[in-house]
$ cat query-v4.cif   # mmCIF, C-alpha atoms
data_my_file
loop_
_atom_site.group_PDB
_atom_site.id
_atom_site.type_symbol
_atom_site.label_atom_id
_atom_site.label_comp_id
_atom_site.auth_asym_id
_atom_site.auth_seq_id
_atom_site.Cartn_x
_atom_site.Cartn_y
_atom_site.Cartn_z
ATOM 1 C CA MET A 984 0.000 0.000 0.000
ATOM 2 C CA VAL A 985 1.345 3.484 -0.872
ATOM 3 C CA THR A 986 0.579 6.514 1.287
ATOM 4 C CA GLU A 987 0.167 10.068 0.028
ATOM 5 C CA ALA A 988 3.752 10.695 1.111
ATOM 6 C CA GLY A 989 4.858 7.942 -1.244
ATOM 7 C CA GLU A 990 5.906 5.501 1.470
ATOM 8 C CA ARG A 991 5.069 1.845 0.922
ATOM 9 C CA GLN A 992 3.229 0.310 3.830
ATOM 10 C CA PRO A 993 3.256 -3.435 4.515
ATOM 11 C CA THR A 994 0.175 -5.353 3.478
ATOM 12 C CA PRO A 995 -1.741 -6.591 6.553
ATOM 13 C CA ARG A 996 -1.165 -10.299 7.039
ATOM 14 C CA ALA A 997 -3.537 -13.006 8.177
ATOM 15 C CA ARG A 998 -3.745 -13.927 11.853
ATOM 16 C CA LEU A 999 -1.870 -17.227 12.031
ATOM 17 C CA ARG A 1000 -1.284 -18.470 15.561
ATOM 18 C CA ARG A 1001 1.909 -20.155 14.405
ATOM 19 C CA GLN A 1002 3.630 -20.759 11.112
ATOM 20 C CA PRO A 1003 3.583 -24.379 9.934
ATOM 21 C CA GLN A 1004 7.184 -25.595 9.767
ATOM 22 C CA GLN A 1005 6.917 -29.259 8.839
ATOM 23 C CA ALA A 1006 5.547 -30.576 5.554
ATOM 24 C CA ARG A 1007 2.736 -32.333 7.425
ATOM 25 C CA SER A 1008 1.681 -29.091 9.126
ATOM 26 C CA ARG A 1009 1.828 -27.149 5.858
ATOM 27 C CA ALA A 1010 -0.317 -29.797 4.186
ATOM 28 C CA ARG A 1011 -2.837 -29.522 7.013
ATOM 29 C CA VAL A 1012 -3.051 -25.742 6.634
ATOM 30 C CA GLU A 1013 -3.540 -26.188 2.892
ATOM 31 C CA ALA A 1014 -6.335 -28.683 3.532
ATOM 32 C CA ILE A 1015 -8.030 -26.281 5.958
ATOM 33 C CA LEU A 1016 -7.944 -23.398 3.483
ATOM 34 C CA ALA A 1017 -9.049 -25.591 0.581
ATOM 35 C CA ALA A 1018 -11.976 -26.850 2.657
ATOM 36 C CA ALA A 1019 -12.992 -23.313 3.586
ATOM 37 C CA ASP A 1020 -12.829 -22.331 -0.080
ATOM 38 C CA ARG A 1021 -15.076 -25.231 -1.122
ATOM 39 C CA ILE A 1022 -17.637 -24.425 1.563
ATOM 40 C CA LEU A 1023 -17.730 -20.764 0.564
ATOM 41 C CA SER A 1024 -18.036 -21.701 -3.099
ATOM 42 C CA GLN A 1025 -20.736 -24.331 -2.733
ATOM 43 C CA GLU A 1026 -22.673 -23.445 0.423
ATOM 44 C CA GLY A 1027 -21.978 -19.776 1.142
ATOM 45 C CA TYR A 1028 -20.531 -17.856 4.056
ATOM 46 C CA GLU A 1029 -23.334 -18.752 6.464
ATOM 47 C CA ALA A 1030 -22.367 -22.448 6.261
ATOM 48 C CA LEU A 1031 -18.750 -21.709 7.187
ATOM 49 C CA THR A 1032 -18.004 -22.838 10.742
ATOM 50 C CA THR A 1033 -14.854 -24.324 12.261
ATOM 51 C CA ARG A 1034 -16.670 -27.612 12.748
ATOM 52 C CA ARG A 1035 -17.813 -27.653 9.116
ATOM 53 C CA ILE A 1036 -14.309 -26.755 7.922
ATOM 54 C CA ALA A 1037 -12.822 -29.586 9.980
ATOM 55 C CA GLU A 1038 -15.368 -32.028 8.586
ATOM 56 C CA GLU A 1039 -14.658 -30.960 5.005
ATOM 57 C CA ALA A 1040 -10.883 -31.047 5.535
ATOM 58 C CA GLY A 1041 -10.997 -34.441 7.262
ATOM 59 C CA THR A 1042 -9.152 -33.148 10.297
ATOM 60 C CA PRO A 1043 -10.012 -32.665 13.997
ATOM 61 C CA VAL A 1044 -11.361 -29.261 15.006
ATOM 62 C CA GLY A 1045 -8.387 -28.915 17.339
ATOM 63 C CA SER A 1046 -6.073 -28.968 14.339
ATOM 64 C CA ILE A 1047 -7.647 -25.779 13.061
ATOM 65 C CA TYR A 1048 -7.115 -24.054 16.402
ATOM 66 C CA GLN A 1049 -3.437 -24.957 16.288
ATOM 67 C CA PHE A 1050 -3.061 -22.434 13.480
ATOM 68 C CA TYR A 1051 -6.126 -20.183 13.567
ATOM 69 C CA ALA A 1052 -7.790 -18.562 16.553
ATOM 70 C CA ASP A 1053 -11.269 -18.720 15.036
ATOM 71 C CA LYS A 1054 -13.264 -18.850 11.827
ATOM 72 C CA GLY A 1055 -12.455 -15.204 11.147
ATOM 73 C CA ALA A 1056 -8.743 -15.961 11.069
ATOM 74 C CA VAL A 1057 -9.346 -18.734 8.509
ATOM 75 C CA VAL A 1058 -11.381 -16.327 6.396
ATOM 76 C CA ASP A 1059 -8.632 -13.712 6.630
ATOM 77 C CA ALA A 1060 -6.001 -16.218 5.497
ATOM 78 C CA LEU A 1061 -8.157 -17.330 2.592
ATOM 79 C CA GLY A 1062 -8.947 -13.737 1.642
ATOM 80 C CA GLN A 1063 -5.235 -12.913 1.687
ATOM 81 C CA ARG A 1064 -4.649 -15.792 -0.695
ATOM 82 C CA TYR A 1065 -7.277 -14.460 -3.098
ATOM 83 C CA LEU A 1066 -5.758 -10.978 -2.964
ATOM 84 C CA ASP A 1067 -2.240 -12.321 -3.490
ATOM 85 C CA THR A 1068 -3.293 -13.728 -6.863
ATOM 86 C CA PHE A 1069 -4.439 -10.275 -7.981
ATOM 87 C CA ARG A 1070 -1.222 -8.623 -6.823
ATOM 88 C CA THR A 1071 0.831 -11.281 -8.607
ATOM 89 C CA ALA A 1072 -1.216 -10.786 -11.776
ATOM 90 C CA ILE A 1073 -0.550 -7.031 -11.968
ATOM 91 C CA ASP A 1074 3.172 -7.569 -11.311
ATOM 92 C CA GLU A 1075 3.307 -10.026 -14.213
ATOM 93 C CA LEU A 1076 1.399 -7.624 -16.477
ATOM 94 C CA VAL A 1077 3.827 -4.813 -15.647
ATOM 95 C CA GLU A 1078 6.723 -7.115 -16.520
ATOM 96 C CA ARG A 1079 5.093 -8.108 -19.805
ATOM 97 C CA THR A 1080 4.565 -4.441 -20.666
ATOM 98 C CA VAL A 1081 8.197 -3.553 -20.015
ATOM 99 C CA GLU A 1082 9.282 -6.509 -22.154
ATOM 100 C CA GLY A 1083 7.019 -5.329 -24.987
ATOM 101 C CA ASP A 1084 4.757 -8.359 -24.746
ATOM 102 C CA LEU A 1085 1.421 -6.598 -24.250
ATOM 103 C CA SER A 1086 0.002 -5.606 -27.619
ATOM 104 C CA ASP A 1087 -3.559 -5.284 -26.290
ATOM 105 C CA PRO A 1088 -3.123 -3.925 -22.746
ATOM 106 C CA VAL A 1089 -6.781 -3.302 -21.955
ATOM 107 C CA GLY A 1090 -8.091 -6.550 -23.420
ATOM 108 C CA THR A 1091 -5.353 -8.597 -21.772
ATOM 109 C CA MET A 1092 -5.752 -7.004 -18.356
ATOM 110 C CA VAL A 1093 -9.536 -7.313 -18.332
ATOM 111 C CA GLY A 1094 -9.246 -10.915 -19.512
ATOM 112 C CA VAL A 1095 -6.752 -11.841 -16.807
ATOM 113 C CA TYR A 1096 -8.761 -10.273 -14.004
ATOM 114 C CA ALA A 1097 -12.078 -11.598 -15.299
ATOM 115 C CA GLU A 1098 -10.665 -15.121 -15.192
ATOM 116 C CA LEU A 1099 -9.356 -14.613 -11.657
ATOM 117 C CA VAL A 1100 -12.734 -13.361 -10.426
ATOM 118 C CA ARG A 1101 -14.550 -16.153 -12.263
ATOM 119 C CA SER A 1102 -12.317 -18.868 -10.817
ATOM 120 C CA GLN A 1103 -12.393 -17.621 -7.233
ATOM 121 C CA THR A 1104 -15.973 -18.437 -6.359
ATOM 122 C CA GLY A 1105 -15.114 -18.620 -2.666
ATOM 123 C CA GLY A 1106 -13.727 -15.122 -2.847
ATOM 124 C CA MET A 1107 -16.875 -13.943 -4.578
ATOM 125 C CA ALA A 1108 -18.939 -15.277 -1.668
ATOM 126 C CA LEU A 1109 -16.814 -13.181 0.689
ATOM 127 C CA TRP A 1110 -16.693 -9.970 -1.293
ATOM 128 C CA ALA A 1111 -20.272 -10.062 -2.551
ATOM 129 C CA GLY A 1112 -21.506 -10.202 1.038
ATOM 130 C CA ARG A 1113 -18.666 -7.998 2.306
ATOM 131 C CA HIS A 1114 -17.918 -10.488 5.090
ATOM 132 C CA LEU A 1115 -14.615 -8.745 5.726
ATOM 133 C CA SER A 1116 -12.835 -8.244 9.012
ATOM 134 C CA PRO A 1117 -11.083 -4.895 9.529
ATOM 135 C CA GLU A 1118 -7.786 -6.641 8.722
ATOM 136 C CA LEU A 1119 -9.065 -8.107 5.472
ATOM 137 C CA ALA A 1120 -10.773 -4.843 4.502
ATOM 138 C CA ARG A 1121 -7.421 -3.069 4.888
ATOM 139 C CA ALA A 1122 -5.739 -5.804 2.871
ATOM 140 C CA ASP A 1123 -8.357 -5.311 0.149
ATOM 141 C CA GLU A 1124 -7.625 -1.578 0.045
ATOM 142 C CA ALA A 1125 -3.885 -2.260 -0.068
ATOM 143 C CA SER A 1126 -4.378 -4.732 -2.903
ATOM 144 C CA ASN A 1127 -6.433 -2.245 -4.924
ATOM 145 C CA ALA A 1128 -3.756 0.407 -4.327
ATOM 146 C CA HIS A 1129 -1.064 -2.013 -5.522
ATOM 147 C CA ILE A 1130 -3.041 -2.849 -8.658
ATOM 148 C CA ALA A 1131 -3.652 0.846 -9.396
ATOM 149 C CA GLU A 1132 0.043 1.557 -8.927
ATOM 150 C CA GLY A 1133 0.869 -1.255 -11.349
ATOM 151 C CA LEU A 1134 -1.595 0.112 -13.894
ATOM 152 C CA GLN A 1135 0.018 3.530 -13.566
ATOM 153 C CA ARG A 1136 3.423 2.015 -14.302
ATOM 154 C CA ILE A 1137 1.946 0.353 -17.396
ATOM 155 C CA VAL A 1138 0.360 3.621 -18.545
ATOM 156 C CA GLU A 1139 3.572 5.566 -18.005
ATOM 157 C CA HIS A 1140 5.609 2.978 -19.882
ATOM 158 C CA LEU A 1141 3.203 3.093 -22.816
ATOM 159 C CA ILE A 1142 3.214 6.905 -23.041
ATOM 160 C CA GLY A 1143 6.952 7.094 -22.456
ATOM 161 C CA GLY A 1144 6.959 9.338 -19.401
ATOM 162 C CA PRO A 1145 5.403 10.206 -16.040
ATOM 163 C CA GLY A 1146 1.631 10.523 -15.858
ATOM 164 C CA GLY A 1147 1.445 12.505 -12.633
ATOM 165 C CA PRO A 1148 -1.769 13.008 -10.674
ATOM 166 C CA THR A 1149 -3.917 12.514 -13.791
ATOM 167 C CA ALA A 1150 -2.630 8.980 -14.366
ATOM 168 C CA GLN A 1151 -2.799 8.207 -10.658
ATOM 169 C CA ARG A 1152 -6.440 9.265 -10.458
ATOM 170 C CA ALA A 1153 -7.344 7.505 -13.709
ATOM 171 C CA THR A 1154 -5.838 4.168 -12.708
ATOM 172 C CA ARG A 1155 -7.646 4.237 -9.374
ATOM 173 C CA MET A 1156 -10.907 4.833 -11.247
ATOM 174 C CA VAL A 1157 -10.167 1.947 -13.613
ATOM 175 C CA VAL A 1158 -9.694 -0.393 -10.640
ATOM 176 C CA TRP A 1159 -12.950 0.789 -9.056
ATOM 177 C CA ALA A 1160 -14.900 0.435 -12.308
ATOM 178 C CA ALA A 1161 -13.466 -2.956 -13.250
ATOM 179 C CA ASN A 1162 -14.039 -4.343 -9.744
ATOM 180 C CA ALA A 1163 -17.668 -3.239 -9.776
ATOM 181 C CA VAL A 1164 -18.425 -4.665 -13.227
ATOM 182 C CA LEU A 1165 -16.608 -7.989 -12.766
ATOM 183 C CA HIS A 1166 -18.148 -8.634 -9.364
ATOM 184 C CA GLU A 1167 -21.576 -7.931 -10.833
ATOM 185 C CA VAL A 1168 -20.965 -10.253 -13.787
ATOM 186 C CA PHE A 1169 -19.761 -13.195 -11.709
ATOM 187 C CA LYS A 1170 -21.758 -12.811 -8.492
ATOM 188 C CA SER A 1171 -24.713 -15.084 -9.324
ATOM 189 C CA ASP A 1172 -24.991 -18.858 -9.535
ATOM 190 C CA GLY A 1173 -26.192 -18.678 -13.125
ATOM 191 C CA GLU A 1174 -24.194 -18.286 -16.298
ATOM 192 C CA PRO A 1175 -22.139 -15.070 -16.262
ATOM 193 C CA ASP A 1176 -22.900 -12.426 -18.855
ATOM 194 C CA LEU A 1177 -19.600 -12.588 -20.732
ATOM 195 C CA GLU A 1178 -20.822 -9.971 -23.196
ATOM 196 C CA ALA A 1179 -20.695 -7.535 -20.286
ATOM 197 C CA VAL A 1180 -16.972 -8.309 -19.999
ATOM 198 C CA ASP A 1181 -16.608 -7.370 -23.677
ATOM 199 C CA GLU A 1182 -18.480 -4.142 -22.976
ATOM 200 C CA LEU A 1183 -16.085 -3.425 -20.117
ATOM 201 C CA LYS A 1184 -13.179 -3.829 -22.534
ATOM 202 C CA ARG A 1185 -14.792 -1.380 -24.973
ATOM 203 C CA MET A 1186 -15.455 1.126 -22.209
ATOM 204 C CA LEU A 1187 -11.920 0.958 -20.831
ATOM 205 C CA ASN A 1188 -10.381 1.060 -24.304
ATOM 206 C CA ALA A 1189 -12.219 4.324 -24.978
ATOM 207 C CA TYR A 1190 -11.093 5.675 -21.612
ATOM 208 C CA TRP A 1191 -7.498 4.611 -22.314
ATOM 209 C CA GLU A 1192 -7.435 6.389 -25.669
ATOM 210 C CA ASP A 1193 -8.785 9.544 -24.055
ATOM 211 C CA LEU A 1194 -6.296 9.286 -21.187
ATOM 212 C CA ARG A 1195 -3.364 8.728 -23.527
ATOM 213 C CA ALA A 1196 -4.365 11.769 -25.580
ATOM 214 C CA ARG A 1197 -4.581 13.930 -22.468
ATOM 215 C CA LEU A 1198 -1.281 12.748 -21.049
ATOM 216 C CA THR A 1199 0.665 13.115 -24.289
ATOM 217 C CA ALA A 1200 -0.872 16.549 -24.876
ATOM 218 C CA VAL A 1201 0.480 17.683 -21.499
ATOM 219 C CA GLU A 1202 3.966 16.463 -22.481
ATOM 220 C CA GLU A 1203 3.878 18.418 -25.745
#
$ encode --input "query-v4.cif" --output "structure tokens"
Amino acid sequence: MVTEAGERQPTPRARLRRQPQQARSRARVEAILAAADRILSQEGYEALTTRRIAEEAGTPVGSIYQFYADKGAVVDALGQRYLDTFRTAIDELVERTVEGDLSDPVGTMVGVYAELVRSQTGGMALWAGRHLSPELARADEASNAHIAEGLQRIVEHLIGGPGGPTAQRATRMVVWAANAVLHEVFKSDGEPDLEAVDELKRMLNAYWEDLRARLTAVEE
């Protein structure tokens, strides 16, 4: 997360009671998180209890409490995992841009993030209902800030110079708009309206062309 003073703040981390050191313990933590994800995806947040997670993971309830204080801590850890995939995605897109491997920046970025939202049905159950602890809400804000910062780096690379406050504001707005549309498209149990994703690409392409014209005009 970046403050107004330009200082990077650490992303809030999930509330693990202790870090799993042995392979067996790491496998158990993975099983707990995978079980929580399946329950969220298939049954919804209301069905998520420590007892239900233990049953789904095939492990004693006490094993969960070895690592997580309560259900909220499991949710935080799972939410962090969802957010990490989005942060990793923007880092990879920035790298592809710098390497000249992003011929269709808007289409590629929307496609990548649409697939992440579509595939993370457990995350959708969390974010659609906003079942976020203060820690996870802060992590969500930090993740959005990181994505916006990455988008700004992409924009500035493509225009060949700094974008300043205009690019900073524009990339934040793109994150807000894309989040809203993609969560709406993939929030229901029915078939997603993929044509809406295409409309999002058209909308952001038009915005990108306008933004590029404004930024290059300032440089001239």
$ resolve_selection --input "query-v4.cif" --expression "the PyMOL selection byres ((chain A and resi 1100) around 10)" --output "JSON, numbers by chain"
{"A": [1065, 1069, 1095, 1096, 1097, 1098, 1099, 1101, 1102, 1103, 1104, 1105, 1106, 1107, 1162, 1165, 1166, 1168, 1169, 1170]}
$ write_last_selection --input "query-v4.cif" --atoms "C-alpha atoms" --output "JSON list (two decimals), in the frame of the given file"
[["chain", "number", "residue", "atom", "x", "y", "z"],
["A", 1065, "TYR", "CA", -7.28, -14.46, -3.10],
["A", 1069, "PHE", "CA", -4.44, -10.28, -7.98],
["A", 1095, "VAL", "CA", -6.75, -11.84, -16.81],
["A", 1096, "TYR", "CA", -8.76, -10.27, -14.00],
["A", 1097, "ALA", "CA", -12.08, -11.60, -15.30],
["A", 1098, "GLU", "CA", -10.66, -15.12, -15.19],
["A", 1099, "LEU", "CA", -9.36, -14.61, -11.66],
["A", 1101, "ARG", "CA", -14.55, -16.15, -12.26],
["A", 1102, "SER", "CA", -12.32, -18.87, -10.82],
["A", 1103, "GLN", "CA", -12.39, -17.62, -7.23],
["A", 1104, "THR", "CA", -15.97, -18.44, -6.36],
["A", 1105, "GLY", "CA", -15.11, -18.62, -2.67],
["A", 1106, "GLY", "CA", -13.73, -15.12, -2.85],
["A", 1107, "MET", "CA", -16.88, -13.94, -4.58],
["A", 1162, "ASN", "CA", -14.04, -4.34, -9.74],
["A", 1165, "LEU", "CA", -16.61, -7.99, -12.77],
["A", 1166, "HIS", "CA", -18.15, -8.63, -9.36],
["A", 1168, "VAL", "CA", -20.96, -10.25, -13.79],
["A", 1169, "PHE", "CA", -19.76, -13.20, -11.71],
["A", 1170, "LYS", "CA", -21.76, -12.81, -8.49]]
$ residues_around --input "query-v4.cif" --residues "Leu1187 (chain A)" --least-positions-apart "3" --cutoff "12 Å" --atoms "only C-alpha atoms" --output "list in words"
Asp1087, Pro1088, Val1089, Gly1090, Thr1091, Met1092, Val1093, Ala1153, Thr1154, Met1156, Val1157, Val1158, Trp1159, Ala1160, Ala1161, Val1164, Val1180, Asp1181, Glu1182, Leu1183, Lys1184, Tyr1190, Trp1191, Glu1192, Asp1193, Leu1194 and Arg1195 of chain A
$ closest_residue --input "query-v4.cif" --among "A:Glu1139, A:Asp1020, A:Glu1124, A:Glu1174" --to "Val1081 (chain A)" --atoms "only C-alpha atoms"
A:Glu1139
$ axis_aligned_box --input "query-v4.cif" --around "region 1037-1042 of chain A" --padding-each-side "8 Å" --output "JSON"
{"center_x": -12.3, "center_y": -32.0, "center_z": 7.7, "size_x": 22.2, "size_y": 20.9, "size_z": 21.3}
$ resolve_selection --input "query-v4.cif" --expression "the PyMOL selection byres ((chain A and resi 1071-1073) around 10)" --output "compact mmCIF listing (two decimals) with C-alpha atoms, in the frame of the given file"
# COMPACT_ATOMS: atom_id res chain seq x y z
CA LEU A 1066 -5.76 -10.98 -2.96
CA ASP A 1067 -2.24 -12.32 -3.49
CA THR A 1068 -3.29 -13.73 -6.86
CA PHE A 1069 -4.44 -10.28 -7.98
CA ARG A 1070 -1.22 -8.62 -6.82
CA ASP A 1074 3.17 -7.57 -11.31
CA GLU A 1075 3.31 -10.03 -14.21
CA LEU A 1076 1.40 -7.62 -16.48
CA VAL A 1077 3.83 -4.81 -15.65
CA GLU A 1078 6.72 -7.12 -16.52
CA ARG A 1079 5.09 -8.11 -19.80
CA MET A 1092 -5.75 -7.00 -18.36
CA VAL A 1095 -6.75 -11.84 -16.81
CA TYR A 1096 -8.76 -10.27 -14.00
CA LEU A 1099 -9.36 -14.61 -11.66
CA HIS A 1129 -1.06 -2.01 -5.52
CA ILE A 1130 -3.04 -2.85 -8.66
CA ALA A 1131 -3.65 0.85 -9.40
CA GLU A 1132 0.04 1.56 -8.93
CA GLY A 1133 0.87 -1.25 -11.35
CA LEU A 1134 -1.60 0.11 -13.89
CA ILE A 1137 1.95 0.35 -17.40
$ closest_residue --input "query-v4.cif" --among "A:Phe1050, A:Arg1034, A:Val1058, A:Arg1152" --to "Ala1017 (chain A)" --atoms "only C-alpha atoms"
A:Val1058
$ atom_distance --input "query-v4.cif" --atom1 "CA of Gly1147 (chain A)" --atom2 "CA of Ala1120 (chain A)"
27.3 Å
$ residues_around --input "query-v4.cif" --residues "Arg1021 (chain A)" --least-positions-apart "5" --cutoff "10 Å" --atoms "all atoms listed in the file" --output "list in words"
Leu1016, Glu1026, Gly1027, Leu1031, Ile1036, Glu1039, Ala1040, Thr1104 and Gly1105 of chain A
$ atom_distance --input "query-v4.cif" --atom1 "CA of Leu1141 (chain A)" --atom2 "CA of Thr1080 (chain A)"
8.0 Å
